[in-house]
Amino acid sequence: MAATTHKPARSDLFPFELVRPELERVEVSIREQVRGFDPAVEPYVAYICNTSGKRIRPALSILVGGATGGVNDAHLKIGVILELIHMATLVHDDIMDGANTRRMVPTANAKWGNALSVLLGDALFSHALTLATDFDSIDICRKVGKAAREVCQGEIIQTQRRFDLSLTKPDYFRIIEMKTGALFAAATGLAGNLSGVEPDIEARLYDYGMKLGTAYQIYDDCLDLVGAEDVVGKTLRTDLAKGKLTLPILNLLENSSEAQRTKLNKRILDQEALDLPVLVGIAEYEGAIESAVDTALGLLEESRRDLEPLGATVHSGALAQITWFLAGLLEKCRR
């Protein structure tokens with residue numbers, strides 16, 4: 001029996017509520033990790049860990065566990081490990097982007113400067129990799145390490161390619177699959193692995209996570225252009241200011257008039273800020289956002305098909321519902 005892939009009747013409900021008790025245990029475990037650090041370092045780590053996020057990666061690992069035989073402590077642990085890696089990447093992202101707020105509170109770099117924040121991110125990375133050694137399987141450790149490496153490589157390549165007019169859409173997708181998709185895919189694939197599913201099912205779960213994570217990054221890239229900081233809770237327009245050529249911008253460069261493209265190219269080559277008023281004044285701007293949203297929606301549709309081998313259960317239904325929830329957020333980006 002195929003997993004539920006049609007749009008649920010109440011897609012407005014946040015699908016993580018199904019695993020709220022398990023996520024509360026994850027939250028406790030994340031806060032407990034602070035005690036693994038030197039007392040002089042604890043307050044800095046506590047600040048990062050106590051800034052509650054959406055906990056998407058732990059939720060995915062728990063839901064996959066429920067859909068593949070039942071949630072156990074290993075599913076929660078892998079979720080904690082991947083969330084710590086994610087938090088480390090956010091600390092480093094905020095430094096590179098010069099962001100001052102995240103989730104309505106000051107970023108680490110805004111509070112303590114870049115030098116200490118770099119080291120704080122490194123400490124979170126290393127702690128997460130140490131926790132991964134608690135698993136008996138070297139395969140789990142290897143896959144966690146690979147996911148962490150992919151995230152770092154994606155960030156390096158993205159930084160290399162800022163203000164780079166030769167960046168193609170395949171280049172863009174490679175970058176976001178590494179920097180965002182890798183941890184989503186690790187959460188879903190490793191959760192299946194910990195449940196003992198067959199390799200082909202683990203591969204399908206990995207693909208589901210990769211497509212979901214890639215679509216989520218496209219949403220984030222669109223939100224950077226059209227979102228409101230007081231609603232989103234973080235510094236926006238950083239992609240434009242730092243020369244990141246995201247999918248909406250690549251769409252715009254591809255479809256704008258020759259005169260507008262020349263103007264945009266010059267600003268990029270001169271490393272001038274691509275401020276929003278300039279973009280909104282281009283007729284093709286709205287179409288560029290629309291096309292990016294459509295691309296993400298296509299990925300979400302494909303991800304639902306990857307869930308079919310799981311059968312129709314409450315947990316597999318929630319995994320499908322996540323894609324519909326994200327689809328609803330994407331639709332709000334249309335102008």
# chains A, B, ... in the order shown; residues from 1 in each chain; ligands from 1

$ residues_around --residues "Leu90 (chain A)" --least-positions-apart "5" --cutoff "9 Å" --atoms "only C-alpha atoms" --output "PyMOL selection string"
chain A and resi 85+95+121

$ residues_around --residues "region 160-171 of chain A" --least-positions-apart "4" --cutoff "8 Å" --atoms "only C-alpha atoms" --output "PyMOL selection string"
chain A and resi 156+175+242-245+247+250+265+268-269+271

$ write_last_selection --atoms "C-alpha atoms" --output "JSON list (two decimals), in the first residue's frame"
[["chain", "number", "residue", "atom", "x", "y", "z"],
["A", 156, "ILE", "CA", 33.35, 26.94, 0.58],
["A", 175, "ILE", "CA", 25.99, 23.96, -3.87],
["A", 242, "LYS", "CA", 27.16, 39.38, -0.43],
["A", 243, "GLY", "CA", 26.82, 38.54, -4.10],
["A", 244, "LYS", "CA", 25.22, 35.11, -3.72],
["A", 245, "LEU", "CA", 23.63, 34.18, -7.02],
["A", 247, "LEU", "CA", 17.98, 30.63, -8.12],
["A", 250, "LEU", "CA", 19.86, 33.28, -11.90],
["A", 265, "ASN", "CA", 26.08, 42.05, -14.64],
["A", 268, "ILE", "CA", 27.78, 42.01, -9.88],
["A", 269, "LEU", "CA", 31.24, 42.38, -11.45],
["A", 271, "GLN", "CA", 30.67, 43.85, -6.40]]

$ atom_distance --atom1 "CA of Ile218 (chain A)" --atom2 "CA of Ala296 (chain A)"
6.4 Å

$ residues_around --residues "region 192-194 of chain A" --least-positions-apart "3" --cutoff "8 Å" --atoms "only C-alpha atoms" --output "ChimeraX atom specification"
/A:64-65,68,74-75,188-189,197-199,201-202,205

$ write_last_selection --atoms "N, CA and C atoms" --output "compact mmCIF listing (two decimals), in the first residue's frame"
# COMPACT_ATOMS: atom_id res chain seq x y z
N VAL A 64 11.01 9.22 10.37
CA VAL A 64 11.44 8.07 9.58
C VAL A 64 11.54 6.84 10.47
N GLY A 65 12.03 7.01 11.70
CA GLY A 65 12.07 5.90 12.64
C GLY A 65 10.69 5.32 12.87
N THR A 68 9.45 3.27 9.94
CA THR A 68 10.24 2.10 9.54
C THR A 68 10.42 1.11 10.70
N ALA A 74 18.30 5.58 19.26
CA ALA A 74 19.28 5.87 18.22
C ALA A 74 18.76 6.94 17.26
N HIS A 75 17.45 6.92 16.99
CA HIS A 75 16.88 7.94 16.10
C HIS A 75 16.97 9.32 16.74
N THR A 188 17.24 11.53 7.17
CA THR A 188 16.26 10.54 6.72
C THR A 188 16.93 9.21 6.35
N GLY A 189 18.07 9.28 5.67
CA GLY A 189 18.75 8.05 5.27
C GLY A 189 19.30 7.30 6.47
N VAL A 197 16.46 -0.96 7.58
CA VAL A 197 15.78 -1.13 6.29
C VAL A 197 16.76 -1.62 5.23
N GLU A 198 16.22 -2.15 4.16
CA GLU A 198 17.05 -2.60 3.04
C GLU A 198 17.75 -1.41 2.39
N PRO A 199 18.92 -1.63 1.77
CA PRO A 199 19.67 -0.52 1.17
C PRO A 199 18.87 0.29 0.16
N ILE A 201 15.67 0.91 0.21
CA ILE A 201 14.75 1.78 0.93
C ILE A 201 15.52 2.93 1.59
N GLU A 202 16.70 2.65 2.14
CA GLU A 202 17.53 3.70 2.70
C GLU A 202 17.87 4.74 1.63
N LEU A 205 14.87 6.94 1.03
CA LEU A 205 14.71 7.88 2.14
C LEU A 205 15.75 8.99 2.06

$ residues_around --residues "Ala288 (chain A)" --least-positions-apart "2" --cutoff "6 Å" --atoms "only C-alpha atoms" --output "PyMOL selection string"
chain A and resi 248+251-252+285-286+290-291

$ select_by_dssp --residues "region 210-323 of chain A" --states "helix (DSSP H, G or I)" --output "ChimeraX atom specification"
/A:210-226,229-232,238-241,247-255,258-269,276-280,285-305,308-310,314-323

$ residues_around --residues "Phe16 (chain A)" --least-positions-apart "5" --cutoff "10 Å" --atoms "only C-alpha atoms" --output "list in words"
Glu22, Leu23, Lys54, Arg55, Ile56, Pro58, Ala59, Leu60, Ile62, Leu63, His315, Ala318, Leu319, Gln321 and Ile322 of chain A

$ closest_residue --among "A:Arg149, A:Ser257, A:Ser195, A:Val80" --to "Glu24 (chain A)" --atoms "only C-alpha atoms"
A:Val80

$ residues_around --residues "Phe37 (chain A)" --least-positions-apart "2" --cutoff "12 Å" --atoms "only C-alpha atoms" --output "number ranges by chain"
A: 31-35, 39-46, 120, 123-124, 126-128

$ atom_distance --atom1 "CA of Gly311 (chain A)" --atom2 "CA of Gly181 (chain A)"
24.0 Å
